[in-house]
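The file my_file-v1.txt contains compact mmCIF, C-alpha atoms:
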# COMPACT_ATOMS: atom_id res chain seq x y z
CA MET A 283 -2.18 5.48 -39.72
CA LEU A 284 -0.52 8.87 -39.44
CA LYS A 285 -3.76 10.68 -38.84
CA TYR A 286 -4.15 8.81 -35.54
CA LEU A 287 -0.85 10.29 -34.46
CA GLU A 288 -2.16 13.81 -34.66
CA PRO A 289 -2.21 15.31 -31.17
CA ASN A 290 -5.78 16.54 -31.59
CA LYS A 291 -7.05 13.04 -32.37
CA ILE A 292 -5.21 11.46 -29.45
CA PHE A 293 -6.09 14.37 -27.20
CA SER A 294 -9.80 13.96 -27.79
CA ILE A 295 -9.50 10.37 -26.55
CA THR A 296 -7.11 10.89 -23.65
CA SER A 297 -9.08 13.83 -22.26
CA LYS A 298 -12.33 11.87 -22.16
CA ALA A 299 -11.09 8.42 -21.18
CA PRO A 300 -9.85 9.08 -17.60
CA LYS A 301 -13.30 9.44 -16.05
CA TYR A 302 -14.42 6.06 -17.43
CA VAL A 303 -11.18 4.43 -16.36
CA LEU A 304 -11.56 5.99 -12.90
CA LEU A 305 -15.09 4.61 -12.60
CA LEU A 306 -13.98 1.13 -13.65
CA PHE A 307 -10.99 1.35 -11.30
CA ILE A 308 -13.22 2.17 -8.32
CA VAL A 309 -15.58 -0.70 -9.12
CA ILE A 310 -12.80 -3.29 -9.60
CA LEU A 311 -10.87 -2.03 -6.55
CA THR A 312 -13.97 -2.30 -4.37
CA ILE A 313 -14.60 -5.88 -5.50
CA GLY A 314 -10.89 -6.69 -5.15
CA LEU A 315 -10.60 -5.25 -1.63
CA ALA A 316 -13.79 -6.98 -0.51
CA GLU A 317 -12.49 -10.28 -1.88
CA ALA A 318 -9.03 -9.76 -0.42
CA LEU A 319 -9.97 -8.52 3.04
CA ILE A 320 -13.31 -10.18 3.76
CA PHE A 321 -14.23 -13.09 1.51
CA SER A 322 -10.90 -14.79 0.93
CA PRO A 323 -9.87 -17.39 3.52
CA GLU A 324 -6.89 -17.11 5.81
CA ASP A 325 -3.77 -19.10 5.01
CA TYR A 326 -3.13 -22.45 6.76
CA ILE A 327 0.21 -21.26 8.10
CA GLN A 328 0.33 -17.45 7.84
CA SER A 329 -3.34 -16.90 8.80
CA HIS A 330 -4.39 -13.28 8.19
CA SER A 331 -0.99 -11.84 7.28
CA VAL A 332 -1.38 -13.55 3.88
CA ARG A 333 -3.68 -10.67 2.94
CA ILE A 334 -0.67 -8.42 2.41
CA MET A 335 -0.01 -10.59 -0.65
CA TYR A 336 -3.04 -9.10 -2.42
CA VAL A 337 -1.27 -5.74 -2.52
CA HIS A 338 2.34 -6.90 -2.64
CA VAL A 339 2.18 -9.32 -5.58
CA PRO A 340 0.02 -7.21 -7.95
CA ALA A 341 2.18 -4.15 -7.24
CA ALA A 342 5.33 -6.12 -8.08
CA TRP A 343 3.75 -7.50 -11.26
CA ILE A 344 2.61 -4.08 -12.45
CA SER A 345 5.99 -2.49 -11.77
CA LEU A 346 7.73 -5.23 -13.80
CA GLY A 347 5.11 -5.03 -16.56
CA VAL A 348 5.34 -1.25 -16.80
CA PHE A 349 9.13 -1.40 -16.98
CA SER A 350 8.98 -3.94 -19.82
CA LEU A 351 6.41 -1.81 -21.63
CA ILE A 352 8.32 1.45 -21.37
CA THR A 353 11.47 -0.31 -22.57
CA LEU A 354 9.62 -1.71 -25.56
CA PHE A 355 8.13 1.67 -26.46
CA SER A 356 11.46 3.39 -25.96
CA ILE A 357 13.45 0.94 -28.10
CA VAL A 358 10.90 0.88 -30.93
CA GLY A 359 10.68 4.66 -30.67
CA TYR A 360 14.45 4.93 -30.87
CA ILE A 361 14.84 2.61 -33.85
CA PHE A 362 12.02 4.12 -35.91
CA LYS A 363 12.38 7.66 -34.51
CA ILE A 364 8.80 7.89 -33.27
CA LYS A 365 8.63 10.77 -30.77
CA ASN A 366 5.18 9.80 -29.61
CA PHE A 367 6.46 6.49 -28.21
CA PHE A 368 8.90 8.36 -25.98
CA LEU A 369 6.05 10.44 -24.60
CA ILE A 370 4.05 7.25 -23.92
CA SER A 371 7.07 5.75 -22.21
CA LYS A 372 7.67 8.87 -20.13
CA SER A 373 4.01 9.05 -19.06
CA LEU A 374 3.87 5.39 -18.04
CA ALA A 375 6.99 5.38 -15.87
CA PRO A 376 5.76 7.22 -12.71
CA SER A 377 3.01 4.69 -11.94
CA GLY A 378 5.55 1.89 -12.37
CA LEU A 379 7.83 3.54 -9.84
CA VAL A 380 4.96 4.01 -7.40
CA PHE A 381 4.02 0.31 -7.61
CA ASN A 382 7.67 -0.68 -7.28
CA ILE A 383 7.90 1.28 -4.02
CA ILE A 384 4.59 -0.20 -2.84
CA ALA A 385 5.95 -3.71 -3.54
CA LEU A 386 9.12 -2.99 -1.55
CA VAL A 387 7.29 -1.42 1.39
CA THR A 388 4.55 -4.08 1.64
CA GLY A 389 7.22 -6.76 1.26
CA SER A 390 9.01 -5.27 4.22
CA ILE A 391 5.81 -5.13 6.28
CA TRP A 392 5.05 -8.73 5.32
CA GLY A 393 8.60 -9.91 5.97
CA LYS A 394 8.70 -8.77 9.60
CA PRO A 395 5.94 -11.03 10.98
CA THR A 396 6.60 -14.00 8.67
CA TRP A 397 10.35 -14.21 8.04
CA GLY A 398 11.38 -12.22 11.09
CA THR A 399 13.17 -9.39 9.30
CA TRP A 400 12.28 -6.10 7.60
CA TRP A 401 15.00 -6.40 5.00
CA ALA A 402 17.39 -9.01 3.68
CA TRP A 403 20.03 -8.64 0.99
CA ASP A 404 18.58 -11.56 -0.86
CA ALA A 405 18.72 -11.76 -4.67
CA ARG A 406 15.00 -11.12 -5.29
CA ILE A 407 14.72 -8.19 -2.91
CA THR A 408 17.98 -6.55 -3.98
CA SER A 409 17.17 -6.87 -7.69
CA MET A 410 13.78 -5.29 -7.01
CA LEU A 411 15.56 -2.38 -5.29
CA ILE A 412 17.81 -2.03 -8.35
CA LEU A 413 14.70 -1.83 -10.57
CA CYS A 414 13.47 1.00 -8.35
CA LEU A 415 16.78 2.82 -8.85
CA PHE A 416 16.49 2.40 -12.62
CA TYR A 417 13.01 3.93 -12.55
CA ILE A 418 14.40 6.90 -10.63
CA LEU A 419 17.36 7.25 -13.02
CA TYR A 420 14.99 7.17 -15.97
CA LEU A 421 12.72 9.87 -14.56
CA ILE A 422 15.64 12.08 -13.53
CA ALA A 423 17.16 11.80 -17.03
CA TRP A 424 13.95 13.23 -18.50
CA ARG A 425 14.24 16.29 -16.26
CA LEU A 426 17.96 16.69 -16.72
CA TYR A 427 18.35 16.85 -20.49
CA GLU A 428 16.67 19.47 -22.65
CA ASN A 429 17.91 18.33 -26.05
CA LYS A 430 15.33 15.90 -27.50
CA ASP A 431 17.74 13.60 -29.34
CA LYS A 432 19.97 13.41 -26.29
CA VAL A 433 17.16 12.67 -23.85
CA HIS A 434 15.72 9.98 -26.14
CA PHE A 435 19.07 8.25 -26.40
CA ILE A 436 19.95 8.46 -22.72
CA THR A 437 16.55 7.30 -21.49
CA SER A 438 16.62 4.39 -23.97
CA LEU A 439 20.06 3.43 -22.74
CA ILE A 440 18.93 3.50 -19.10
CA LEU A 441 15.98 1.27 -19.96
CA ILE A 442 18.15 -1.20 -21.89
CA LEU A 443 20.47 -1.45 -18.88
CA GLY A 444 17.46 -1.88 -16.62
CA ILE A 445 15.62 -4.46 -18.71
CA ILE A 446 18.44 -6.98 -18.17
CA ASN A 447 17.47 -6.83 -14.51
CA VAL A 448 13.88 -7.91 -15.23
CA PRO A 449 14.60 -11.59 -16.05
CA ILE A 450 17.04 -11.59 -13.11
CA ILE A 451 14.18 -10.52 -10.81
CA LYS A 452 11.88 -13.15 -12.27
CA TYR A 453 14.32 -16.08 -12.04
CA SER A 454 16.37 -15.00 -9.01
CA VAL A 455 14.31 -17.29 -6.79
CA ASP A 456 15.03 -20.27 -9.06
CA TRP A 457 18.70 -19.63 -9.84
CA TRP A 458 19.98 -18.93 -6.34
CA ASN A 459 19.15 -19.72 -2.73
CA THR A 460 16.96 -16.85 -1.62
CA LEU A 461 14.92 -16.02 1.43
CA HIS A 462 12.06 -15.06 -0.87
CA GLN A 463 9.88 -18.02 -1.84
CA PRO A 464 9.61 -19.18 -5.48
CA ALA A 465 6.69 -18.14 -7.69
CA SER A 466 3.31 -19.58 -6.73
CA ILE A 467 1.66 -18.96 -10.05
CA ASN A 468 2.90 -20.77 -13.11
CA ILE A 469 1.36 -20.48 -16.53
CA LEU A 470 2.55 -23.87 -17.69
CA SER A 471 2.11 -26.00 -14.59
CA LYS A 472 -0.39 -26.11 -11.74
CA SER A 473 -0.31 -23.10 -9.43
CA SER A 474 0.49 -23.69 -5.79
CA ILE A 475 -2.01 -21.09 -4.66
CA HIS A 476 -5.58 -22.08 -3.87
CA ILE A 477 -8.27 -20.79 -6.25
CA SER A 478 -10.04 -18.88 -3.45
CA MET A 479 -6.86 -16.84 -2.98
CA LEU A 480 -6.15 -16.50 -6.69
CA ILE A 481 -9.42 -14.67 -7.40
CA PRO A 482 -8.73 -11.62 -5.17
CA LEU A 483 -5.20 -11.56 -6.55
CA ILE A 484 -6.52 -11.27 -10.11
CA TYR A 485 -9.02 -8.54 -9.14
CA MET A 486 -6.33 -6.53 -7.39
CA THR A 487 -3.98 -6.89 -10.35
CA ALA A 488 -6.72 -5.61 -12.66
CA ALA A 489 -7.41 -2.70 -10.30
CA PHE A 490 -3.73 -1.74 -10.15
CA ALA A 491 -3.41 -2.01 -13.92
CA LEU A 492 -6.39 0.33 -14.28
CA PHE A 493 -4.78 2.75 -11.85
CA SER A 494 -1.62 2.69 -13.93
CA LEU A 495 -3.69 3.36 -17.04
CA LEU A 496 -5.44 6.26 -15.31
CA ILE A 497 -2.20 7.93 -14.22
CA PHE A 498 -0.76 7.26 -17.67
CA LEU A 499 -3.69 8.95 -19.44
CA MET A 500 -3.46 12.01 -17.21
CA LYS A 501 0.31 12.27 -17.64
CA TYR A 502 0.08 11.69 -21.37
CA ASN A 503 -2.58 14.36 -21.63
CA THR A 504 -0.23 16.85 -20.02
CA GLU A 505 2.55 15.90 -22.43
CA LEU A 506 0.20 16.42 -25.38
CA ILE A 507 -0.80 19.86 -24.10
CA LYS A 508 2.89 20.71 -23.87
CA VAL A 509 3.38 19.59 -27.48
CA LYS A 510 0.35 21.60 -28.60
CA ASN A 511 1.57 24.72 -26.81
CA LYS A 512 4.82 24.49 -28.67
CA GLY A 513 2.79 24.77 -31.86
CA LEU A 514 3.79 21.46 -33.33
CA ASP A 515 1.06 19.93 -35.46
CA ARG A 516 2.38 16.38 -35.47
CA LEU A 517 4.21 14.25 -32.97
CA MET B 280 12.13 -2.14 -46.59
CA TYR B 281 13.44 0.15 -43.86
CA GLY B 282 16.07 2.81 -44.26
CA LYS B 283 19.74 2.16 -43.65
CA LYS B 284 19.70 4.29 -40.48
CA VAL B 285 16.77 2.35 -39.04
CA ARG B 286 18.54 -0.97 -39.57
CA LEU B 287 21.73 0.43 -38.13
CA ARG B 288 19.91 1.68 -35.02
CA PHE B 289 18.28 -1.73 -34.65
CA PHE B 290 21.66 -3.49 -34.71
CA PHE B 291 23.09 -0.85 -32.39
CA ILE B 292 20.41 -1.51 -29.74
CA PHE B 293 20.62 -5.26 -30.33
CA LEU B 294 24.40 -5.29 -29.84
CA ILE B 295 24.22 -3.16 -26.70
CA LEU B 296 21.67 -5.58 -25.27
CA ILE B 297 23.75 -8.68 -26.13
CA THR B 298 27.00 -7.17 -24.84
CA LEU B 299 25.49 -6.02 -21.57
CA SER B 300 23.62 -9.30 -20.99
CA LEU B 301 26.79 -11.30 -21.53
CA SER B 302 28.91 -9.13 -19.27
CA ILE B 303 26.31 -9.16 -16.51
CA PHE B 304 25.97 -12.93 -16.87
CA LEU B 305 29.73 -13.32 -16.44
CA ILE B 306 29.82 -10.98 -13.46
CA PHE B 307 27.06 -12.90 -11.73
CA LYS B 308 28.72 -16.20 -12.58
CA SER B 309 31.92 -15.13 -10.87
CA LEU B 310 30.11 -13.63 -7.90
CA GLU B 311 27.76 -16.57 -7.39
CA LYS B 312 29.05 -17.10 -3.84
CA ASN B 313 27.87 -13.63 -2.84
CA VAL B 314 24.57 -13.73 -4.65
CA VAL B 315 23.26 -16.74 -2.74
CA PHE B 316 21.55 -15.77 0.49
CA PHE B 317 22.43 -18.94 2.38
CA GLN B 318 24.32 -22.21 2.08
CA SER B 319 22.86 -25.65 2.56
CA PRO B 320 24.20 -28.13 5.16
CA SER B 321 25.68 -30.20 2.29
CA GLU B 322 27.67 -27.19 1.11
CA ILE B 323 28.91 -26.62 4.67
CA LYS B 324 30.09 -30.25 4.84
CA ILE B 325 32.42 -29.85 1.88
CA LEU B 326 33.93 -26.51 2.97
CA SER B 327 37.71 -26.77 2.86
CA GLU B 328 38.14 -24.67 5.98
CA ILE B 329 35.80 -23.32 8.61
CA ASP B 330 35.48 -19.59 8.28
CA LYS B 331 35.25 -17.30 11.30
CA LYS B 332 33.02 -14.93 9.37
CA LYS B 333 29.28 -14.69 9.83
CA ILE B 334 27.45 -16.98 7.41
CA ARG B 335 23.91 -18.16 6.77
CA VAL B 336 22.77 -21.75 6.69
CA GLY B 337 19.40 -22.66 5.26
CA GLY B 338 17.23 -25.72 4.87
CA MET B 339 14.36 -27.46 6.60
CA VAL B 340 13.90 -27.74 10.35
CA LYS B 341 14.11 -31.50 10.95
CA LYS B 342 10.95 -33.08 12.33
CA ASN B 343 11.04 -33.66 16.13
CA SER B 344 14.37 -31.90 16.48
CA ILE B 345 13.36 -28.71 18.32
CA SER B 346 14.13 -28.67 22.03
CA VAL B 347 14.53 -25.89 24.58
CA LYS B 348 17.11 -26.39 27.32
CA GLU B 349 18.43 -23.69 29.68
CA GLN B 350 16.91 -20.86 27.63
CA LYS B 351 18.65 -22.21 24.54
CA LEU B 352 16.77 -23.37 21.49
CA ARG B 353 18.27 -26.37 19.76
CA PHE B 354 17.22 -27.76 16.42
CA VAL B 355 18.60 -29.47 13.32
CA ILE B 356 18.69 -27.96 9.85
CA THR B 357 18.54 -30.57 7.12
CA ASP B 358 18.54 -30.58 3.34
CA PHE B 359 17.69 -34.32 3.38
CA LYS B 360 21.31 -35.19 2.54
CA SER B 361 23.28 -33.58 5.37
CA GLU B 362 22.34 -32.10 8.71
CA ILE B 363 23.71 -29.43 11.01
CA ASN B 364 22.95 -28.78 14.68
CA VAL B 365 21.94 -25.25 15.58
CA THR B 366 21.73 -23.48 18.93
CA TYR B 367 20.03 -20.14 19.37
CA SER B 368 18.60 -17.86 22.00
CA GLY B 369 16.40 -14.96 21.07
CA VAL B 370 13.22 -14.10 19.24
CA ILE B 371 11.94 -16.57 16.68
CA PRO B 372 9.68 -15.56 13.76
CA ASN B 373 6.06 -16.69 13.61
CA LEU B 374 6.58 -19.14 10.78
CA PHE B 375 9.42 -21.01 12.47
CA ALA B 376 8.21 -24.61 12.81
CA GLU B 377 9.31 -28.21 12.36
CA GLY B 378 9.23 -29.34 8.77
CA LYS B 379 9.35 -25.74 7.50
CA GLY B 380 12.09 -23.73 5.84
CA VAL B 381 14.56 -21.78 7.95
CA VAL B 382 17.63 -19.59 7.46
CA ALA B 383 19.99 -19.25 10.41
CA GLU B 384 22.58 -16.48 10.56
CA GLY B 385 25.60 -16.94 12.79
CA TYR B 386 28.95 -18.65 13.20
CA LEU B 387 30.16 -22.15 12.42
CA LYS B 388 31.66 -23.96 15.41
CA GLY B 389 32.76 -27.05 13.54
CA ARG B 390 31.27 -28.92 10.64
CA ASN B 391 28.20 -30.12 12.51
CA PHE B 392 27.61 -27.27 14.87
CA PHE B 393 26.27 -23.81 14.25
CA ALA B 394 25.71 -20.99 16.75
CA ALA B 395 22.96 -18.79 15.34
CA THR B 396 22.58 -15.12 16.19
CA LYS B 397 19.45 -14.63 14.13
CA ILE B 398 16.73 -16.92 12.84
CA LEU B 399 14.67 -16.19 9.74
CA ALA B 400 11.74 -18.32 8.62
CA LYS B 401 11.67 -19.25 4.97
CA HIS B 402 8.19 -19.53 3.61
CA ASP B 403 7.31 -21.86 0.74
CA GLU B 404 5.19 -20.98 -2.27
CA ASN B 405 2.06 -22.84 -1.13
CA TYR B 406 -0.98 -20.84 -0.14
CA MET B 407 -4.24 -22.50 0.86
CA PRO B 408 -7.05 -22.21 3.40
CA PRO B 409 -6.72 -24.36 6.56
CA GLU B 410 -9.67 -26.57 5.52
CA VAL B 411 -7.96 -27.48 2.25
CA LYS B 412 -4.73 -28.30 4.10
CA LYS B 413 -6.70 -30.56 6.44
CA ALA B 414 -8.42 -32.29 3.55
CA LEU B 415 -5.07 -32.80 1.84
CA GLU B 416 -3.59 -34.36 4.98
CA GLU B 417 -6.52 -36.73 5.37
CA ASN B 418 -6.05 -38.11 1.88
Output the file's structure in the form of structure tokens.
Amino acid sequence: MLKYLEPNKIFSITSKAPKYVLLLFIVILTIGLAEALIFSPEDYIQSHSVRIMYVHVPAAWISLGVFSLITLFSIVGYIFKIKNFFLISKSLAPSGLVFNIIALVTGSIWGKPTWGTWWAWDARITSMLILCLFYILYLIAWRLYENKDKVHFITSLILILGIINVPIIKYSVDWWNTLHQPASINILSKSSIHISMLIPLIYMTAAFALFSLLIFLMKYNTELIKVKNKGLDRL
Amino acid sequence: MYGKKVRLRFFFIFLILITLSLSIFLIFKSLEKNVVFFQSPSEIKILSEIDKKKIRVGGMVKKNSISVKEQKLRFVITDFKSEINVTYSGVIPNLFAEGKGVVAEGYLKGRNFFAATKILAKHDENYMPPEVKKALEEN
């Protein structure tokens, strides 16, 4: 197991993988955009403005998923003192922040024509803004602290604080009266979104996930080069 | 199996998580009134006193209740238990329609009367093409 943690082994994978991921990303994004903008039908009430959903919802999902992942890596890394997991966590975070901002901005653009407002201090939207702030805090902490033990502890703490917000985001629309509508897609019960609109949503989610993976691999590569330059043989 | 330090760190993280979750739960519980975006007509009915502050009322626009008289839009917000009459003049969002969700921001002028200064449409979680909607209605 330990031999896979050698920077050279990981490096040989992470330096080759991005071009394949990029290729796959372009293919899936093309299919997804074609499905979302051309082939999918308009909504019975929102007509064409429903197409913003195909960017808004996947971006929100990815930002929540990335936050959960980096928290998991950070906590496991903290408990078992695995430095590599902190690097993975650090490299994943920027794409999560980008998708969080995309979700907020597209939500705003979508909200104006449908709800009649750019912004509302509603539980879902506010908790999503708080997640964005946690991402920023996390990334700033990495730049602020030089000492490795200190930065690992502080970033883990920020993520633990932030992860409590994730279930609040998910269930805010069920627990309280919000302007934001409840979830359309349920794993356990029937989804309230038509299959012809679900397909582009899935393609776009896959495309965004691949983009996250691509940015992660590039970032992680840089981190590994930094480790190598410091002359450390093992992470 | 694992070292003492590892177990200790595990409990440390676990306790932080539990403590924070509980405190945040309690904070939200006590602030519930501020977390909700709007109140329903039933909640307005049981208010002990009518506040002069700006509030939001939300629910469904009652079927056949929208009328325009002297530049003023009148409609009824219902939660199928209680109702409240709303007057408004200004821009209405695209999704504002009878039988659809709405949130009105403004001032209470009595238990049954609300003067809105802003209207927001509340969208539901259903997405489908128009043909499917038509087919559903025919059934």
Inset, instruction - Taking all atoms listed in the file into account, report as a VMD selection string which residues of chain B lie within 7 Å of chain A. - result: chain B and resid 285 288 to 289 296 300 314 to 317 372 to 374 399 to 409 412
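Nearest to Tyr367 of chain B of all the residues B:Arg353, B:Lys332, B:Lys341, B:Lys284 is B:Arg353, based on all atoms listed in the file.
Between atom CA of Asp358 of chain B and atom CA of Lys379 of chain B lies a distance of 11.2 Å.
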Legend entry - Best match for closeness to Gly389 of chain B among B:Val370, B:Ile356, B:Val365, B:Ile329, counting all atoms listed in the file: B:Ile329
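If you count all atoms listed in the file and draw a sphere of 8 Å around (3.5, -0.8, -12.4), the protein and nucleic acid residues inside it come out as Ala341, Ala342, Trp343, Ile344, Ser345, Leu346, Gly347, Val348, Phe349, Ala375, Ser377, Gly378, Leu379, Val380, Phe381, Asn382, Phe490, Ala491 and Ser494 of chain A.
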Legend entry - Interatomic distance, atom CA of Ile323 of chain B to atom CA of Ile451 of chain A (Å, one decimal): 26.8 Å
